[in-house]
Amino acid sequence: MRRYAFVGTGSRARMYLDALLGPYADLGRPVAFCDTNEVRMAYYDRVAGAPLPHYAPDGYDRVLEGSDVVVVTSPDFTHAGYVSRALRAGVDVVVEKPMTTDLEGLREIGSALVEGTAELTVTFNYRYSPRNSLIRRLIADGEIGEVTSVTFEWCLDTVHGADYFRRWHRDKSASGGLLVHKATHHFDLVNWWLDDRPEVVFARGGLRFYGPANAARRGLGPRPDRGPVAGDPFTLDLASDEKLRELYGAGEHLDGYIRDRDVFSDGITIEDNLNVVVGYRGGASMSYSLHAHCPWEGYRVAINGTAGRIELDVVERPHVSPADALATIGAATANPDSGTTRGSVAHREGQPDPSAQPEGCGSGPAGSGHRTRGSRLLLQRHWEPAVEVPIPDGAGGHGGGDAMLLRDVFRGPSGDPLRRQAGFADGAASVLVGVAGNESLRTGRAVRLDELEPIPGMSA
């Protein structure tokens, strides 16, 4: 039976801990928590049903001595240190995306992986979502011929999108910005769908909605540094939600992490509007956009090929009313996308991500005006009418993807022709697009990825 330690005790750790306490209890057991905050670790003791040893980051070597595997769900900028130290100690690693935030982190992890014998798994749960797996299969089967271009639009609504601007993610040095923290999910999907590697990246974007200057320009008036403000859906009241209060409000005096910063306050260094063009080695290109203040949440993908086109439309949340905003954030602390701290940055927490809810569930009505929650996948070959391709039903988060991901994490992949389990090379390729995008934002030029390499382990 393998011994699992948890680094980062925010909400994202819950999925892995529940799996070890439930369906995979015959394969492993939790043995330790490592975090900067005793309150959060005590919360997870209650989840585990018994107290486990607690370690601060300076006790990480002791964590490794008593573990076979570490599950890293800490803030993004801390991943490289935790992952590389574990690999060098011969301890296997399961790490949440993004694997790291910058080139230095990629090189640190790659070197440790090449020099050691331990294994690394990067958990891209979007690969396992039935609709996304189906696209991989359609492309691999040649249904649209050779892919020539991809258009990918991601809409984050004013609950989920706004929440990135309250937390440690608002600091680009901690998260890499949304091009790294969030968009690596999407970059990995396209890399995987095409079975190709990105070659060149050009990006434009900026902070256009959140932050004090934008608030002033729209005449919002004076803002508090943190919530709550009665009747204002952009502020967050930690005290009114039990999970938020237990995980963050009750422990903020220990590490200074403030979970409820106002989204229009100073200190935001990430973008909320992003447009990216990516060129691939095989000749295909992608046009990608992310907007973090949309009135609905979901994504649209169009994949053009020499024999036809695939279109995927996903509405994950048709809308959220102001009265529902807090309830949506509070409910999300039970399971979604969530991380150790540097100064005032806490171990990772959940966010109100509707994709982590079971299909057809979540906050807000299933139908809202002319927009209805759900997914639609169309395949249209040249000279033929469009055909709707049925998407298999999946139980649980990410359309059943989380359950399949956990099976691969704890039991290992078994003859998966889609190759959904991701390793270092996959994680690095997705991060490189975000890193190159950030460099393009900074310099105003297209960035070739071969300028950023070589990175040890990329051929793995």
# chains A, B, ... in the order shown; residues from 1 in each chain; ligands from 1
$ select_by_dssp --residues "stretch 219-452 of chain A" --states "strand (DSSP E)" --output "PyMOL selection string"
chain A and resi 273-280+285-294+297-305+308-317+367-368+371-372+374-381+387-388+447-448
$ write_last_selection --atoms "N, CA and C atoms" --output "short mmCIF file (atom, residue, chain, number, x, y, z; two decimals), in the first residue's frame"
data_model
loop_
_atom_site.label_atom_id
_atom_site.label_comp_id
_atom_site.auth_asym_id
_atom_site.auth_seq_id
_atom_site.Cartn_x
_atom_site.Cartn_y
_atom_site.Cartn_z
N ASN A 273 -8.37 40.08 -20.44
CA ASN A 273 -8.71 39.86 -21.85
C ASN A 273 -7.43 39.44 -22.58
N LEU A 274 -7.51 38.31 -23.31
CA LEU A 274 -6.32 37.76 -23.95
C LEU A 274 -6.67 37.18 -25.31
N ASN A 275 -5.83 37.45 -26.29
CA ASN A 275 -5.95 36.86 -27.61
C ASN A 275 -4.58 36.36 -28.03
N VAL A 276 -4.55 35.11 -28.53
CA VAL A 276 -3.28 34.45 -28.82
C VAL A 276 -3.39 33.73 -30.16
N VAL A 277 -2.33 33.81 -30.94
CA VAL A 277 -2.20 32.99 -32.15
C VAL A 277 -1.02 32.05 -31.94
N VAL A 278 -1.26 30.75 -32.18
CA VAL A 278 -0.22 29.73 -31.99
C VAL A 278 -0.02 28.99 -33.31
N GLY A 279 1.23 28.88 -33.74
CA GLY A 279 1.57 28.08 -34.90
C GLY A 279 2.17 26.76 -34.47
N TYR A 280 1.81 25.68 -35.14
CA TYR A 280 2.27 24.33 -34.78
C TYR A 280 3.28 23.80 -35.79
N SER A 285 -2.62 26.07 -37.24
CA SER A 285 -2.55 27.26 -36.39
C SER A 285 -3.79 27.32 -35.51
N MET A 286 -3.67 28.04 -34.40
CA MET A 286 -4.81 28.23 -33.51
C MET A 286 -4.98 29.70 -33.19
N SER A 287 -6.23 30.15 -33.21
CA SER A 287 -6.61 31.46 -32.70
C SER A 287 -7.36 31.22 -31.39
N TYR A 288 -6.81 31.77 -30.29
CA TYR A 288 -7.35 31.52 -28.95
C TYR A 288 -7.71 32.83 -28.27
N SER A 289 -8.84 32.85 -27.59
CA SER A 289 -9.21 34.03 -26.81
C SER A 289 -9.76 33.62 -25.46
N LEU A 290 -9.48 34.42 -24.45
CA LEU A 290 -10.00 34.21 -23.10
C LEU A 290 -10.48 35.55 -22.57
N HIS A 291 -11.71 35.56 -22.04
CA HIS A 291 -12.29 36.77 -21.47
C HIS A 291 -12.83 36.42 -20.09
N ALA A 292 -12.46 37.20 -19.08
CA ALA A 292 -12.75 36.86 -17.69
C ALA A 292 -13.89 37.66 -17.07
N HIS A 293 -14.74 38.27 -17.90
CA HIS A 293 -15.87 39.05 -17.35
C HIS A 293 -17.10 38.88 -18.23
N CYS A 294 -17.33 37.66 -18.70
CA CYS A 294 -18.48 37.41 -19.57
C CYS A 294 -19.75 37.21 -18.75
N GLU A 297 -20.81 31.41 -18.98
CA GLU A 297 -19.55 30.67 -18.95
C GLU A 297 -19.62 29.45 -19.85
N GLY A 298 -18.53 29.23 -20.58
CA GLY A 298 -18.43 28.07 -21.44
C GLY A 298 -17.36 28.29 -22.49
N TYR A 299 -17.36 27.43 -23.51
CA TYR A 299 -16.36 27.58 -24.56
C TYR A 299 -16.87 27.10 -25.90
N ARG A 300 -16.22 27.61 -26.94
CA ARG A 300 -16.56 27.26 -28.31
C ARG A 300 -15.28 26.90 -29.04
N VAL A 301 -15.32 25.78 -29.73
CA VAL A 301 -14.16 25.32 -30.48
C VAL A 301 -14.60 24.98 -31.90
N ALA A 302 -13.83 25.42 -32.89
CA ALA A 302 -14.03 25.01 -34.28
C ALA A 302 -12.70 24.50 -34.79
N ILE A 303 -12.70 23.30 -35.36
CA ILE A 303 -11.49 22.68 -35.88
C ILE A 303 -11.69 22.40 -37.36
N ASN A 304 -10.92 23.06 -38.20
CA ASN A 304 -11.03 22.92 -39.64
C ASN A 304 -10.00 21.92 -40.17
N GLY A 305 -10.42 21.10 -41.11
CA GLY A 305 -9.52 20.13 -41.70
C GLY A 305 -9.69 20.06 -43.20
N GLY A 308 -13.19 18.46 -43.72
CA GLY A 308 -14.40 18.90 -43.03
C GLY A 308 -14.09 19.73 -41.80
N ARG A 309 -15.05 19.76 -40.87
CA ARG A 309 -14.96 20.67 -39.72
C ARG A 309 -15.68 20.04 -38.52
N ILE A 310 -15.11 20.26 -37.34
CA ILE A 310 -15.72 19.88 -36.06
C ILE A 310 -16.05 21.15 -35.31
N GLU A 311 -17.25 21.22 -34.73
CA GLU A 311 -17.63 22.36 -33.89
C GLU A 311 -18.15 21.85 -32.56
N LEU A 312 -17.62 22.41 -31.49
CA LEU A 312 -18.08 22.08 -30.13
C LEU A 312 -18.53 23.36 -29.45
N ASP A 313 -19.77 23.36 -28.97
CA ASP A 313 -20.31 24.48 -28.19
C ASP A 313 -20.68 23.96 -26.82
N VAL A 314 -20.14 24.60 -25.78
CA VAL A 314 -20.38 24.17 -24.40
C VAL A 314 -20.85 25.36 -23.58
N VAL A 315 -22.03 25.25 -23.00
CA VAL A 315 -22.53 26.26 -22.06
C VAL A 315 -22.49 25.62 -20.68
N GLU A 316 -21.58 26.09 -19.86
CA GLU A 316 -21.43 25.51 -18.52
C GLU A 316 -22.27 26.24 -17.48
N ARG A 317 -22.52 27.54 -17.73
CA ARG A 317 -23.40 28.30 -16.85
C ARG A 317 -24.04 29.40 -17.68
N GLY A 367 -31.82 26.40 -17.99
CA GLY A 367 -32.14 27.19 -19.17
C GLY A 367 -32.28 28.64 -18.76
N SER A 368 -31.74 29.54 -19.57
CA SER A 368 -31.77 30.94 -19.21
C SER A 368 -31.97 31.76 -20.47
N ARG A 371 -30.21 30.79 -23.87
CA ARG A 371 -28.99 30.01 -23.67
C ARG A 371 -29.30 28.89 -22.68
N THR A 372 -28.93 27.66 -23.03
CA THR A 372 -29.24 26.50 -22.21
C THR A 372 -27.96 25.75 -21.88
N GLY A 374 -25.39 22.91 -21.46
CA GLY A 374 -25.19 21.65 -22.16
C GLY A 374 -24.10 21.75 -23.20
N SER A 375 -23.89 20.64 -23.92
CA SER A 375 -22.83 20.55 -24.93
C SER A 375 -23.43 20.08 -26.25
N ARG A 376 -22.88 20.57 -27.34
CA ARG A 376 -23.30 20.13 -28.66
C ARG A 376 -22.07 19.99 -29.54
N LEU A 377 -21.90 18.80 -30.12
CA LEU A 377 -20.75 18.51 -30.97
C LEU A 377 -21.24 18.20 -32.38
N LEU A 378 -20.78 18.99 -33.36
CA LEU A 378 -21.17 18.80 -34.76
C LEU A 378 -19.96 18.37 -35.58
N LEU A 379 -20.20 17.43 -36.48
CA LEU A 379 -19.21 17.00 -37.45
C LEU A 379 -19.79 17.24 -38.84
N GLN A 380 -19.07 17.98 -39.67
CA GLN A 380 -19.55 18.21 -41.03
C GLN A 380 -18.40 17.98 -42.01
N ARG A 381 -18.56 16.94 -42.80
CA ARG A 381 -17.58 16.65 -43.83
C ARG A 381 -17.93 17.42 -45.10
N VAL A 387 -23.70 16.66 -38.97
CA VAL A 387 -24.24 15.59 -38.15
C VAL A 387 -23.91 15.88 -36.68
N GLU A 388 -24.90 15.78 -35.82
CA GLU A 388 -24.62 15.94 -34.39
C GLU A 388 -24.10 14.62 -33.84
N VAL A 447 6.96 35.08 -30.48
CA VAL A 447 8.01 34.36 -29.77
C VAL A 447 8.05 32.92 -30.25
N ARG A 448 9.21 32.50 -30.74
CA ARG A 448 9.40 31.11 -31.14
C ARG A 448 9.78 30.29 -29.92
#
$ closest_atom_pairs --of "stretch 205-272 of chain A" --to "stretch 435-446 of chain A" --cutoff "10 Å" --atoms "only C-alpha atoms" --output "Markdown table"
| residue | atom | partner | partner_atom | distance |
| --- | --- | --- | --- | --- |
| A:Gly205 | CA | A:Leu441 | CA | 7.0 |
| A:Gly206 | CA | A:Leu441 | CA | 8.5 |
| A:Ile270 | CA | A:Asn438 | CA | 9.9 |
| A:Glu271 | CA | A:Leu441 | CA | 9.9 |
$ closest_residue --among "A:Ala239, A:Thr158, A:Pro75, A:Ala48" --to "A:Pro318" --atoms "only C-alpha atoms"
A:Thr158
$ residues_around --residues "A:Leu406" --least-positions-apart "6" --cutoff "12 Å" --atoms "only C-alpha atoms" --output "short mmCIF file (atom, residue, chain, number, x, y, z; two decimals) with N, CA and C atoms, in the first residue's frame"
data_model
loop_
_atom_site.label_atom_id
_atom_site.label_comp_id
_atom_site.auth_asym_id
_atom_site.auth_seq_id
_atom_site.Cartn_x
_atom_site.Cartn_y
_atom_site.Cartn_z
N MET A 15 -10.37 16.29 -3.76
CA MET A 15 -10.69 15.26 -4.73
C MET A 15 -9.78 14.05 -4.57
N TYR A 16 -8.49 14.29 -4.38
CA TYR A 16 -7.53 13.20 -4.26
C TYR A 16 -7.66 12.50 -2.90
N LEU A 17 -7.89 13.28 -1.86
CA LEU A 17 -8.05 12.67 -0.55
C LEU A 17 -9.30 11.81 -0.49
N ASP A 18 -10.41 12.30 -1.03
CA ASP A 18 -11.64 11.51 -1.06
C ASP A 18 -11.44 10.21 -1.82
N ALA A 19 -10.66 10.26 -2.90
CA ALA A 19 -10.40 9.04 -3.68
C ALA A 19 -9.64 8.01 -2.86
N LEU A 20 -8.66 8.48 -2.07
CA LEU A 20 -7.89 7.55 -1.23
C LEU A 20 -8.71 7.00 -0.08
N GLY A 22 -11.87 6.49 -0.30
CA GLY A 22 -13.00 5.75 -0.87
C GLY A 22 -12.57 4.66 -1.83
N PRO A 23 -12.76 4.87 -3.15
CA PRO A 23 -12.56 3.78 -4.12
C PRO A 23 -11.14 3.27 -4.24
N TYR A 24 -10.15 4.02 -3.79
CA TYR A 24 -8.76 3.58 -3.93
C TYR A 24 -8.09 3.32 -2.59
N VAL A 94 2.32 13.52 -8.19
CA VAL A 94 1.11 13.88 -8.92
C VAL A 94 0.94 15.38 -8.74
N THR A 121 3.24 12.63 -12.84
CA THR A 121 1.96 12.69 -13.53
C THR A 121 1.41 14.11 -13.40
N VAL A 122 1.04 14.71 -14.53
CA VAL A 122 0.41 16.03 -14.54
C VAL A 122 -1.08 15.83 -14.81
N THR A 123 -1.94 16.37 -13.95
CA THR A 123 -3.36 16.04 -14.01
C THR A 123 -4.15 17.04 -14.86
N PHE A 124 -4.25 16.74 -16.14
CA PHE A 124 -5.08 17.51 -17.07
C PHE A 124 -6.44 16.82 -17.16
N ASN A 125 -7.36 17.20 -16.26
CA ASN A 125 -8.65 16.50 -16.24
C ASN A 125 -9.51 16.80 -17.46
N TYR A 128 -9.97 14.12 -20.04
CA TYR A 128 -10.83 12.99 -19.72
C TYR A 128 -12.31 13.30 -19.89
N GLY A 396 -20.37 12.82 -12.51
CA GLY A 396 -19.36 13.48 -11.70
C GLY A 396 -18.77 14.69 -12.39
N GLY A 397 -17.71 15.23 -11.76
CA GLY A 397 -17.10 16.46 -12.23
C GLY A 397 -16.45 16.32 -13.59
N GLY A 400 -17.64 13.53 -15.95
CA GLY A 400 -17.14 12.19 -15.68
C GLY A 400 -15.64 12.09 -15.82
N GLY A 412 -3.18 3.57 -12.61
CA GLY A 412 -2.36 3.61 -13.81
C GLY A 412 -3.19 3.38 -15.05
N PRO A 413 -2.78 3.97 -16.18
CA PRO A 413 -3.55 3.81 -17.42
C PRO A 413 -3.48 2.37 -17.91
N ARG A 420 -4.50 9.61 -22.59
CA ARG A 420 -4.97 10.75 -21.81
C ARG A 420 -4.07 11.10 -20.64
N GLN A 421 -3.38 10.10 -20.07
CA GLN A 421 -2.52 10.44 -18.94
C GLN A 421 -1.34 11.27 -19.42
#
$ residues_around --residues "A:Glu38" --least-positions-apart "2" --cutoff "8 Å" --atoms "only C-alpha atoms" --output "PyMOL selection string"
chain A and resi 35-36+40-42+54+251+254
$ residues_around --residues "A:Phe187" --least-positions-apart "5" --cutoff "10 Å" --atoms "only C-alpha atoms" --output "VMD selection string"
chain A and resid 152 179 to 180 182 192 to 193 198 278 286 288 426 to 427 429 to 434
$ atom_distance --atom1 "atom CA of A:Glu96" --atom2 "atom CA of A:Glu451"
26.1 Å
$ residues_around --residues "stretch 28-31 of chain A" --least-positions-apart "5" --cutoff "9 Å" --atoms "only C-alpha atoms" --output "NGL selection string"
:A and (1-6 or 17 or 20-21 or 48 or 52-53 or 63 or 66-67 or 410)
$ residues_around --residues "A:Pro233" --least-positions-apart "6" --cutoff "10 Å" --atoms "only C-alpha atoms" --output "MDAnalysis selection string"
chainID A and resid 158:159 162 227 320:326
$ write_last_selection --atoms "N, CA, C and O atoms" --output "PDB file, in the first residue's frame"
ATOM      1  N   THR A 158     -18.727  36.429 -14.668  1.00  0.00           N
ATOM      2  CA  THR A 158     -18.412  37.419 -13.649  1.00  0.00           C
ATOM      3  C   THR A 158     -18.451  36.853 -12.231  1.00  0.00           C
ATOM      4  O   THR A 158     -18.339  37.605 -11.257  1.00  0.00           O
ATOM      5  N   VAL A 159     -18.595  35.528 -12.107  1.00  0.00           N
ATOM      6  CA  VAL A 159     -18.370  34.852 -10.827  1.00  0.00           C
ATOM      7  C   VAL A 159     -17.032  34.127 -10.875  1.00  0.00           C
ATOM      8  O   VAL A 159     -16.122  34.421 -10.111  1.00  0.00           O
ATOM      9  N   ALA A 162     -14.211  36.564 -12.101  1.00  0.00           N
ATOM     10  CA  ALA A 162     -13.897  37.563 -11.082  1.00  0.00           C
ATOM     11  C   ALA A 162     -13.076  36.988  -9.944  1.00  0.00           C
ATOM     12  O   ALA A 162     -12.217  37.673  -9.371  1.00  0.00           O
ATOM     13  N   GLY A 227     -13.961  42.492   0.610  1.00  0.00           N
ATOM     14  CA  GLY A 227     -15.400  42.414   0.856  1.00  0.00           C
ATOM     15  C   GLY A 227     -15.716  42.318   2.319  1.00  0.00           C
ATOM     16  O   GLY A 227     -14.830  42.230   3.163  1.00  0.00           O
ATOM     17  N   VAL A 320     -25.567  33.890 -13.986  1.00  0.00           N
ATOM     18  CA  VAL A 320     -25.694  33.888 -12.532  1.00  0.00           C
ATOM     19  C   VAL A 320     -26.242  35.239 -12.121  1.00  0.00           C
ATOM     20  O   VAL A 320     -25.739  36.283 -12.539  1.00  0.00           O
ATOM     21  N   SER A 321     -27.274  35.224 -11.312  1.00  0.00           N
ATOM     22  CA  SER A 321     -27.838  36.480 -10.827  1.00  0.00           C
ATOM     23  C   SER A 321     -26.975  37.009  -9.688  1.00  0.00           C
ATOM     24  O   SER A 321     -26.233  36.253  -9.048  1.00  0.00           O
ATOM     25  N   PRO A 322     -27.053  38.305  -9.383  1.00  0.00           N
ATOM     26  CA  PRO A 322     -26.285  38.842  -8.258  1.00  0.00           C
ATOM     27  C   PRO A 322     -26.551  38.102  -6.957  1.00  0.00           C
ATOM     28  O   PRO A 322     -25.628  37.868  -6.176  1.00  0.00           O
ATOM     29  N   ALA A 323     -27.796  37.689  -6.727  1.00  0.00           N
ATOM     30  CA  ALA A 323     -28.127  36.994  -5.480  1.00  0.00           C
ATOM     31  C   ALA A 323     -27.488  35.620  -5.401  1.00  0.00           C
ATOM     32  O   ALA A 323     -27.248  35.094  -4.314  1.00  0.00           O
ATOM     33  N   ASP A 324     -27.186  34.997  -6.561  1.00  0.00           N
ATOM     34  CA  ASP A 324     -26.616  33.657  -6.587  1.00  0.00           C
ATOM     35  C   ASP A 324     -25.091  33.658  -6.530  1.00  0.00           C
ATOM     36  O   ASP A 324     -24.482  32.597  -6.383  1.00  0.00           O
ATOM     37  N   ALA A 325     -24.459  34.816  -6.668  1.00  0.00           N
ATOM     38  CA  ALA A 325     -23.010  34.843  -6.838  1.00  0.00           C
ATOM     39  C   ALA A 325     -22.275  34.231  -5.658  1.00  0.00           C
ATOM     40  O   ALA A 325     -21.393  33.389  -5.831  1.00  0.00           O
ATOM     41  N   LEU A 326     -22.610  34.617  -4.430  1.00  0.00           N
ATOM     42  CA  LEU A 326     -21.909  34.082  -3.263  1.00  0.00           C
ATOM     43  C   LEU A 326     -22.161  32.592  -3.106  1.00  0.00           C
ATOM     44  O   LEU A 326     -21.250  31.823  -2.808  1.00  0.00           O
TER      45      LEU A 326
END
$ closest_residue --among "A:Pro224, A:Gly142, A:Gly415, A:Pro354" --to "A:Gly211" --atoms "only C-alpha atoms"
A:Pro224
$ closest_residue --among "A:Pro212, A:Arg137, A:Thr9, A:Val201" --to "A:Asp416" --atoms "only C-alpha atoms"
A:Arg137
